[in-house]
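Source file: run35.tsv; contents: TSV, C-alpha atoms.
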chain	number	residue	atom	x	y	z
A	1	MET	CA	26.52	12.15	3.56
A	2	PRO	CA	24.06	14.08	5.79
A	3	PRO	CA	20.42	12.91	5.46
A	4	LEU	CA	19.32	16.46	4.60
A	5	LEU	CA	20.87	16.15	1.14
A	6	SER	CA	18.97	14.99	-1.91
A	7	ASP	CA	20.27	12.06	-3.93
A	8	GLU	CA	21.57	14.52	-6.52
A	9	GLN	CA	23.39	16.62	-3.91
A	10	THR	CA	24.88	13.47	-2.40
A	11	MET	CA	26.16	12.36	-5.80
A	12	ILE	CA	27.75	15.77	-6.41
A	13	ALA	CA	29.36	15.82	-2.97
A	14	GLU	CA	30.77	12.29	-3.26
A	15	GLY	CA	32.16	12.95	-6.74
A	16	VAL	CA	33.85	16.22	-5.83
A	17	ARG	CA	35.24	14.75	-2.61
A	18	ALA	CA	36.83	11.86	-4.51
A	19	PHE	CA	38.31	14.31	-7.05
A	20	VAL	CA	39.71	16.56	-4.30
A	21	GLN	CA	41.29	13.62	-2.48
A	22	ALA	CA	42.81	12.09	-5.60
A	23	GLU	CA	43.81	15.13	-7.66
A	24	LEU	CA	44.26	18.09	-5.31
A	25	GLN	CA	45.27	17.06	-1.79
A	26	PRO	CA	48.45	15.20	-2.88
A	27	HIS	CA	49.91	18.52	-4.11
A	28	GLU	CA	49.25	20.61	-1.00
A	29	ALA	CA	52.76	20.33	0.47
A	30	LEU	CA	54.39	21.32	-2.83
A	31	VAL	CA	52.17	24.39	-3.22
A	32	GLU	CA	52.82	25.39	0.39
A	33	LYS	CA	56.58	25.06	-0.10
A	34	LEU	CA	56.72	26.94	-3.41
A	35	ASP	CA	53.98	29.48	-2.59
A	36	SER	CA	52.78	28.87	-6.13
A	37	VAL	CA	51.23	26.26	-8.38
A	38	PRO	CA	53.65	25.26	-11.18
A	39	ASP	CA	52.18	25.94	-14.62
A	40	ASP	CA	52.31	22.32	-15.73
A	41	LEU	CA	50.50	21.19	-12.57
A	42	PHE	CA	47.94	23.97	-12.95
A	43	ARG	CA	47.13	22.91	-16.52
A	44	GLU	CA	47.05	19.22	-15.59
A	45	ILE	CA	44.52	19.80	-12.81
A	46	GLN	CA	42.48	22.15	-14.96
A	47	LYS	CA	42.31	19.57	-17.75
A	48	LYS	CA	41.22	16.84	-15.32
A	49	ALA	CA	38.60	19.09	-13.73
A	50	ILE	CA	37.11	19.90	-17.12
A	51	ALA	CA	37.07	16.23	-18.12
A	52	ALA	CA	35.40	15.25	-14.83
A	53	GLY	CA	32.75	17.96	-15.16
A	54	TYR	CA	33.95	19.88	-12.09
A	55	TYR	CA	34.83	23.09	-13.94
A	56	ALA	CA	32.62	26.19	-14.16
A	57	LEU	CA	29.96	24.34	-12.19
A	58	ASN	CA	28.09	27.57	-11.48
A	59	MET	CA	27.88	28.87	-15.04
A	60	PRO	CA	24.87	28.54	-17.40
A	61	GLU	CA	24.52	25.27	-19.28
A	62	GLU	CA	23.63	27.08	-22.50
A	63	HIS	CA	27.16	28.50	-22.56
A	64	GLY	CA	28.88	25.25	-21.58
A	65	GLY	CA	28.83	25.57	-17.80
A	66	GLY	CA	27.70	23.05	-15.21
A	67	GLY	CA	24.41	24.83	-14.55
A	68	LEU	CA	24.35	23.98	-10.84
A	69	ASN	CA	21.99	25.99	-8.68
A	70	ALA	CA	23.09	27.31	-5.28
A	71	SER	CA	21.78	24.28	-3.38
A	72	GLN	CA	23.79	21.95	-5.61
A	73	ARG	CA	26.87	24.13	-5.68
A	74	CYS	CA	27.10	24.56	-1.91
A	75	VAL	CA	27.73	20.84	-1.38
A	76	ALA	CA	30.49	20.98	-3.98
A	77	GLU	CA	32.03	23.98	-2.20
A	78	ILE	CA	32.08	22.07	1.10
A	79	GLU	CA	34.24	19.44	-0.61
A	80	PHE	CA	36.51	22.00	-2.30
A	81	GLY	CA	37.03	23.47	1.17
A	82	ARG	CA	38.90	20.29	2.17
A	83	THR	CA	42.02	21.35	0.28
A	84	SER	CA	44.23	24.36	-0.36
A	85	ARG	CA	42.36	27.22	-2.03
A	86	ALA	CA	45.27	27.59	-4.43
A	87	LEU	CA	44.41	24.12	-5.74
A	88	ALA	CA	40.63	24.30	-5.38
A	89	VAL	CA	40.48	27.54	-7.35
A	90	ILE	CA	41.91	25.76	-10.40
A	91	CYS	CA	38.51	24.08	-10.69
A	92	ASN	CA	37.29	27.57	-11.54
A	93	ARG	CA	33.84	28.71	-10.44
A	94	PRO	CA	33.83	32.03	-12.31
A	95	ALA	CA	32.44	35.21	-10.76
A	96	PRO	CA	28.62	35.14	-11.16
A	97	ILE	CA	28.75	38.77	-12.29
A	98	LEU	CA	29.99	37.48	-15.68
A	99	LYS	CA	26.45	36.22	-16.32
A	100	SER	CA	25.71	39.90	-17.07
A	101	CYS	CA	27.83	39.70	-20.25
A	102	VAL	CA	25.94	40.64	-23.40
A	103	GLY	CA	26.66	40.64	-27.14
A	104	ASP	CA	30.34	40.24	-28.02
A	105	GLN	CA	31.20	40.08	-24.32
A	106	ILE	CA	29.75	36.57	-24.20
A	107	GLU	CA	32.15	35.27	-26.86
A	108	THR	CA	35.15	37.29	-25.66
A	109	TYR	CA	34.90	36.85	-21.90
A	110	LEU	CA	32.12	34.58	-20.64
A	111	LYS	CA	32.51	31.51	-22.87
A	112	PRO	CA	36.35	31.41	-22.77
A	113	VAL	CA	36.22	31.50	-18.96
A	114	ILE	CA	33.80	28.58	-18.93
A	115	THR	CA	35.97	26.51	-21.28
A	116	GLY	CA	39.17	27.31	-19.37
A	117	GLU	CA	40.76	29.31	-22.19
A	118	ARG	CA	40.74	32.53	-20.14
A	119	TRP	CA	40.84	33.51	-16.46
A	120	GLU	CA	39.28	36.45	-14.67
A	121	CYS	CA	40.03	38.29	-11.45
A	122	PHE	CA	37.67	40.52	-9.46
A	123	ALA	CA	39.06	43.98	-8.65
A	124	LEU	CA	37.01	46.01	-6.19
A	125	THR	CA	39.11	46.48	-3.01
A	126	GLU	CA	41.56	49.39	-2.85
A	127	PRO	CA	44.20	50.53	-0.32
A	128	GLY	CA	41.68	53.01	1.08
A	129	ALA	CA	38.47	51.09	0.37
A	130	GLY	CA	37.91	47.64	1.80
A	131	SER	CA	34.78	47.21	3.88
A	132	ASP	CA	33.60	50.63	2.69
A	133	ALA	CA	33.44	49.66	-0.98
A	134	ARG	CA	31.78	52.94	-2.01
A	135	ALA	CA	34.93	54.75	-0.96
A	136	ILE	CA	36.80	53.52	-4.05
A	137	THR	CA	38.71	56.26	-5.86
A	138	THR	CA	39.76	54.49	-9.08
A	139	ARG	CA	38.29	56.67	-11.80
A	140	ALA	CA	37.23	56.00	-15.38
A	141	VAL	CA	36.87	59.20	-17.42
A	142	ARG	CA	35.04	59.21	-20.74
A	143	ASP	CA	37.15	60.09	-23.78
A	144	GLY	CA	35.23	59.56	-26.99
A	145	ASP	CA	34.38	55.88	-27.37
A	146	ASP	CA	36.76	54.93	-24.56
A	147	PHE	CA	37.20	55.36	-20.84
A	148	VAL	CA	40.62	56.25	-19.40
A	149	ILE	CA	41.22	54.51	-16.06
A	150	ASN	CA	43.58	55.53	-13.24
A	151	GLY	CA	43.84	54.05	-9.77
A	152	THR	CA	45.03	51.14	-7.66
A	153	LYS	CA	43.39	47.90	-6.54
A	154	GLN	CA	44.67	45.75	-3.68
A	155	PHE	CA	44.30	42.18	-2.38
A	156	ILE	CA	43.15	40.93	-5.78
A	157	THR	CA	43.40	37.14	-5.91
A	158	MET	CA	44.46	35.32	-9.07
A	159	ALA	CA	45.60	38.57	-10.70
A	160	MET	CA	48.90	36.97	-11.72
A	161	ARG	CA	47.06	34.19	-13.54
A	162	ALA	CA	44.15	36.25	-14.94
A	163	ASP	CA	43.76	37.23	-18.58
A	164	PHE	CA	41.25	39.98	-17.81
A	165	ILE	CA	40.03	42.01	-14.87
A	166	ILE	CA	36.49	42.71	-13.68
A	167	LEU	CA	37.21	46.25	-12.57
A	168	PHE	CA	35.04	48.63	-10.53
A	169	ALA	CA	35.63	52.34	-11.04
A	170	VAL	CA	33.93	55.70	-10.46
A	171	THR	CA	32.50	57.12	-13.68
A	172	GLY	CA	30.74	60.17	-12.22
A	173	ILE	CA	28.68	61.61	-9.40
A	174	ASP	CA	24.90	61.25	-9.14
A	175	SER	CA	22.50	63.40	-7.13
A	176	THR	CA	20.18	61.40	-4.88
A	177	PRO	CA	17.62	62.27	-2.18
A	178	LYS	CA	20.37	61.45	0.34
A	179	GLY	CA	22.94	63.66	-1.38
A	180	GLU	CA	25.69	63.03	-3.90
A	181	SER	CA	26.64	59.44	-4.64
A	182	LYS	CA	29.49	57.96	-6.68
A	183	ARG	CA	28.45	56.31	-9.92
A	184	ILE	CA	30.18	52.89	-9.76
A	185	THR	CA	30.65	51.05	-13.04
A	186	ALA	CA	32.06	47.61	-13.80
A	187	PHE	CA	34.45	47.13	-16.73
A	188	LEU	CA	35.98	44.12	-18.46
A	189	VAL	CA	39.64	45.02	-18.86
A	190	ASP	CA	42.16	42.86	-20.72
A	191	LYS	CA	45.23	42.53	-18.50
A	192	ASP	CA	47.65	43.08	-21.39
A	193	THR	CA	46.26	46.58	-21.96
A	194	PRO	CA	49.07	49.17	-21.71
A	195	GLY	CA	49.28	50.92	-18.34
A	196	ILE	CA	48.47	47.90	-16.12
A	197	GLU	CA	51.02	46.68	-13.56
A	198	VAL	CA	50.49	43.68	-11.27
A	199	THR	CA	52.55	43.22	-8.09
A	200	PRO	CA	52.17	40.14	-5.84
A	201	LEU	CA	51.79	40.53	-2.07
A	202	ASP	CA	53.42	38.23	0.48
A	203	VAL	CA	50.65	36.98	2.79
A	204	VAL	CA	50.41	34.15	5.35
A	205	SER	CA	47.04	32.71	4.26
A	206	ASN	CA	46.28	30.63	1.18
A	207	ARG	CA	49.83	30.37	-0.07
A	208	GLY	CA	50.07	29.76	-3.79
A	209	MET	CA	46.93	31.69	-4.69
A	210	LYS	CA	48.66	35.10	-4.74
A	211	SER	CA	46.93	38.27	-3.64
A	212	CYS	CA	48.12	41.22	-5.70
A	213	ILE	CA	48.17	44.97	-6.18
A	214	ILE	CA	47.01	46.14	-9.61
A	215	SER	CA	47.95	49.65	-10.74
A	216	PHE	CA	46.16	51.42	-13.61
A	217	THR	CA	47.88	54.35	-15.31
A	218	ASP	CA	45.97	55.95	-18.19
A	219	VAL	CA	44.52	52.58	-19.15
A	220	ARG	CA	42.25	52.99	-22.15
A	221	VAL	CA	39.20	50.69	-22.26
A	222	PRO	CA	36.41	50.73	-24.90
A	223	ALA	CA	32.99	51.79	-23.64
A	224	ARG	CA	31.63	48.52	-25.05
A	225	ASN	CA	33.51	46.77	-22.25
A	226	ILE	CA	31.18	48.15	-19.60
A	227	LEU	CA	29.52	45.23	-17.81
A	228	GLY	CA	25.86	45.63	-16.89
A	229	GLY	CA	25.50	49.28	-17.86
A	230	GLU	CA	27.15	52.44	-16.59
A	231	GLY	CA	26.48	53.11	-12.93
A	232	ASN	CA	25.14	49.63	-12.27
A	233	GLY	CA	28.34	48.07	-10.94
A	234	PHE	CA	27.04	47.34	-7.47
A	235	GLY	CA	23.65	46.36	-8.84
A	236	ILE	CA	25.03	43.43	-10.81
A	237	ALA	CA	27.61	42.63	-8.13
A	238	LYS	CA	24.91	41.93	-5.54
A	239	SER	CA	24.41	38.36	-6.75
A	240	TRP	CA	28.16	37.80	-6.52
A	241	ILE	CA	28.27	39.22	-3.00
A	242	PHE	CA	25.42	37.07	-1.65
A	243	SER	CA	26.72	33.97	-3.40
A	244	GLY	CA	30.26	34.59	-2.22
A	245	ARG	CA	29.17	34.88	1.41
A	246	VAL	CA	27.19	31.64	1.43
A	247	MET	CA	29.82	29.69	-0.49
A	248	LEU	CA	32.59	30.98	1.78
A	249	ALA	CA	30.77	29.43	4.72
A	250	ALA	CA	30.44	26.19	2.73
A	251	ASN	CA	34.20	26.13	2.15
A	252	CYS	CA	34.69	26.67	5.89
A	253	ILE	CA	32.73	23.48	6.61
A	254	GLY	CA	35.13	21.36	4.56
A	255	LEU	CA	38.16	23.01	6.16
A	256	ALA	CA	36.75	22.57	9.68
A	257	GLU	CA	35.72	18.95	9.15
A	258	ARG	CA	39.19	18.05	7.97
A	259	ALA	CA	40.74	19.78	10.99
A	260	MET	CA	38.33	18.02	13.36
A	261	LYS	CA	39.14	14.61	11.84
A	262	ILE	CA	42.86	15.12	12.39
A	263	ALA	CA	42.29	16.29	15.97
A	264	ALA	CA	39.92	13.40	16.78
A	265	GLU	CA	42.33	10.81	15.40
A	266	TRP	CA	45.11	12.34	17.48
A	267	ALA	CA	42.90	12.37	20.58
A	268	ASN	CA	42.20	8.65	20.11
A	269	THR	CA	45.86	7.65	19.80
A	270	ARG	CA	47.91	10.16	21.78
A	271	THR	CA	48.28	9.06	25.39
A	272	ALA	CA	49.01	11.11	28.50
A	273	PHE	CA	48.84	10.05	32.14
A	274	GLY	CA	48.14	6.49	31.08
A	275	GLN	CA	45.18	7.01	28.73
A	276	PRO	CA	44.20	8.54	25.36
A	277	ILE	CA	43.81	12.30	25.73
A	278	GLY	CA	40.34	12.04	24.19
A	279	ARG	CA	39.14	10.63	27.52
A	280	PHE	CA	39.89	13.91	29.24
A	281	GLN	CA	36.95	16.31	29.16
A	282	GLY	CA	39.25	19.21	28.34
A	283	THR	CA	39.90	17.53	25.00
A	284	ALA	CA	36.61	15.71	24.46
A	285	PHE	CA	34.46	18.78	25.00
A	286	LYS	CA	36.43	20.68	22.36
A	287	LEU	CA	35.56	17.94	19.88
A	288	ALA	CA	31.91	18.09	20.92
A	289	ASP	CA	31.83	21.83	20.28
A	290	MET	CA	33.50	21.34	16.89
A	291	ALA	CA	30.94	18.79	15.77
A	292	MET	CA	28.03	20.93	16.96
A	293	GLU	CA	29.25	24.14	15.28
A	294	ILE	CA	30.08	22.40	12.00
A	295	HIS	CA	26.59	20.89	11.90
A	296	ALA	CA	24.98	24.25	12.66
A	297	THR	CA	26.98	25.89	9.87
A	298	ARG	CA	25.92	23.18	7.44
A	299	LEU	CA	22.26	23.84	8.23
A	300	MET	CA	22.74	27.58	7.76
A	301	VAL	CA	24.54	27.07	4.43
A	302	LEU	CA	21.86	24.74	3.07
A	303	ASP	CA	19.15	27.17	4.18
A	304	GLY	CA	20.96	30.14	2.64
A	305	ALA	CA	21.53	28.30	-0.63
A	306	ALA	CA	17.86	27.29	-0.83
A	307	LYS	CA	16.85	30.91	-0.32
A	308	MET	CA	19.28	31.99	-3.04
A	309	ASP	CA	17.59	29.56	-5.42
A	310	ALA	CA	14.19	30.92	-4.43
A	311	GLY	CA	15.39	34.51	-4.82
A	312	THR	CA	14.43	35.34	-1.24
A	313	ILE	CA	17.77	35.58	0.57
A	314	THR	CA	18.33	38.91	2.30
A	315	GLN	CA	21.51	40.79	3.00
A	316	ARG	CA	21.11	40.01	6.68
A	317	GLU	CA	20.76	36.27	6.04
A	318	ALA	CA	23.81	36.18	3.78
A	319	SER	CA	25.82	38.02	6.43
A	320	GLN	CA	24.64	35.64	9.16
A	321	VAL	CA	25.79	32.61	7.17
A	322	ASN	CA	29.16	34.20	6.37
A	323	LEU	CA	29.77	35.41	9.92
A	324	PHE	CA	28.85	32.15	11.63
A	325	GLY	CA	30.76	29.98	9.17
A	326	SER	CA	33.96	32.04	9.13
A	327	GLU	CA	34.14	32.36	12.91
A	328	MET	CA	33.33	28.67	13.30
A	329	ALA	CA	36.32	27.77	11.10
A	330	GLY	CA	38.57	29.94	13.23
A	331	ARG	CA	37.44	28.31	16.47
A	332	VAL	CA	37.60	24.75	15.11
A	333	THR	CA	41.09	25.07	13.62
A	334	ASP	CA	42.36	26.79	16.76
A	335	ASN	CA	40.92	24.10	19.04
A	336	ALA	CA	42.18	21.33	16.77
A	337	LEU	CA	45.67	22.80	16.97
A	338	GLN	CA	45.34	23.08	20.76
A	339	ILE	CA	44.43	19.39	21.02
A	340	MET	CA	47.58	18.46	19.12
A	341	GLY	CA	49.76	20.65	21.31
A	342	GLY	CA	53.27	21.28	20.04
A	343	MET	CA	52.81	18.93	17.08
A	344	GLY	CA	50.00	21.16	15.84
A	345	ILE	CA	52.36	24.00	14.95
A	346	THR	CA	54.91	21.87	13.11
A	347	LYS	CA	55.16	21.80	9.34
A	348	ASP	CA	54.80	18.00	9.52
A	349	MET	CA	51.09	18.44	10.19
A	350	PRO	CA	48.70	20.47	8.00
A	351	LEU	CA	46.87	22.00	10.96
A	352	GLU	CA	49.06	25.07	11.17
A	353	ARG	CA	48.16	25.76	7.54
A	354	PHE	CA	44.44	25.27	8.20
A	355	TRP	CA	44.77	27.66	11.13
A	356	ARG	CA	46.46	30.33	8.98
A	357	ASP	CA	44.07	29.87	6.09
A	358	ALA	CA	41.00	30.08	8.34
A	359	ARG	CA	42.06	33.48	9.65
A	360	VAL	CA	41.38	35.35	6.42
A	361	GLU	CA	37.83	33.98	6.20
A	362	ARG	CA	36.77	36.61	8.75
A	363	ILE	CA	38.03	39.37	6.48
A	364	TRP	CA	37.68	38.95	2.74
A	365	GLU	CA	33.95	38.53	2.04
A	366	GLY	CA	33.23	41.30	4.52
A	367	THR	CA	34.80	41.55	7.96
A	368	SER	CA	33.07	40.10	10.99
A	369	GLU	CA	32.48	43.66	12.17
A	370	ILE	CA	30.73	44.66	8.93
A	371	HIS	CA	28.50	41.59	9.08
A	372	ARG	CA	27.54	42.33	12.68
A	373	ASP	CA	26.74	45.90	11.66
A	374	ILE	CA	24.48	44.69	8.84
A	375	ILE	CA	22.72	42.16	11.09
A	376	SER	CA	22.25	44.48	14.06
A	377	LYS	CA	20.84	47.32	11.97
A	378	ASP	CA	18.29	44.97	10.45
A	379	VAL	CA	17.31	43.66	13.90
A	380	LEU	CA	16.83	47.21	15.15
A	381	ARG	CA	14.66	48.06	12.15
A	382	GLU	CA	12.60	44.91	12.64
A	383	PHE	CA	11.83	45.72	16.25
A	384	ALA	CA	11.62	49.49	16.00
A	385	ALA	CA	9.17	51.04	18.48

Represent the structure contained in this file as structure tokens.
Amino acid sequence: MPPLLSDEQTMIAEGVRAFVQAELQPHEALVEKLDSVPDDLFREIQKKAIAAGYYALNMPEEHGGGGLNASQRCVAEIEFGRTSRALAVICNRPAPILKSCVGDQIETYLKPVITGERWECFALTEPGAGSDARAITTRAVRDGDDFVINGTKQFITMAMRADFIILFAVTGIDSTPKGESKRITAFLVDKDTPGIEVTPLDVVSNRGMKSCIISFTDVRVPARNILGGEGNGFGIAKSWIFSGRVMLAANCIGLAERAMKIAAEWANTRTAFGQPIGRFQGTAFKLADMAMEIHATRLMVLDGAAKMDAGTITQREASQVNLFGSEMAGRVTDNALQIMGGMGITKDMPLERFWRDARVERIWEGTSEIHRDIISKDVLREFAA
């Protein structure tokens, strides 16, 4: 383990790594072939994760969660990144926004998610609103003690498995000094509510985890299911957004390290022109760049997590960590595949899967372009004349 880690972080990392190697990685080929995780396997892994203490690591201890802070969780996420997301997600780290549950919501949604009795999915993105989240058009109209919801969400992971949906919808228009602004509200919506339809999408990345379209037609939800207060959807989602961006980069470290290991072992044993290909600078320098970029990402992740714990992380810093980590994973997996040549794109080797899975990392917690926009605007403000 890197010397920057505390003894506690090292213990967490070693434990999760052993669990991933023993309980998750052996099932990767099956999940890839089926594009799903069989129910019995899902429940088996979930049960083992709960027993080992690797379930709901990020949730409050007072409600039965692991209580890990960001600095502790990030080392666990590096290890979970070493396997298929479809398998790693079974060791559920619920959306931090659920910490905003109050009253009956705690017993109905928060605690059952922590114990593994229920599953959530996070529904913000729409066909016409991805990077521009405030462009969502799903509406929730007040009708007595209920809200009636109509609209469509897209690219929602785990929607097939989820028991309820953390849904973002427009509940009105507010006047602000900058003009009119949509009032965005978060709701807890049971998936078996009449009017909800879930349709899986066929995508090339993270097979088995299932991205979905969710359609809402006159879905009636009690006002008591508002999460965090009306109009405060983005306010309570901020912690989820910052956390998601740092932890995505942590996952990318595990993915990249596994790809680099495979490429380095190949470079040491594959011969061409009478010597191992690792002796050629064209190959060796790729490995040097991999090692350097992985190390730099690790430092950025640890720094970002520490700032999350201190409550000082900024939007710019979270974007920097996400951007660097996601693009690093793309370069490392691509170079690893290049080192392996034709063997790299065969189904016999997992590199082609790592390569496909790494591609979405530059999209789903904010595109690389959005992160560069956030970072550059902050730099311009900092050095304004």

| Shell of 12 Å around Ala133 (chain A), all atoms listed in the file, local chain residues under 3 positions omitted, as a PyMOL selection string | chain A and resi 123-130+136-138+153+168-170+182+184+233-234+237+241+365-366+370

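Nearest residue to Ile156 (chain A), choosing from A:Phe122, A:Trp355, A:Phe187, A:Phe280 and counting all atoms listed in the file: A:Phe122.
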
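If all atoms listed in the file are the atoms counted, then among A:Pro222, A:Pro96, A:Gly15, A:Pro177 the closest residue to Ala140 (chain A) is A:Pro222.
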
| query | Which residue gives the smallest distance to Glu8 (chain A) among A:Val75, A:Cys91, A:Val37, A:Leu57, with all atoms listed in the file counted? | reply | A:Val75

| message | Counting only C-alpha atoms, I want the residues whose atoms come within 9 Å of (38.0, 17.7, 13.7) in the file frame, returned as a VMD selection string. | response | chain A and resid 256 to 265 287 290 to 291 332 to 333 335 to 336

| request: Find the residues near Ile253 (chain A): any atom within 10 Å, counting all atoms listed in the file, skip ones fewer than 6 places away on the same chain, and give them as a PyMOL selection string. | output: chain A and resi 75+77-82+247+259+293-298+301+325-326+328-329+332
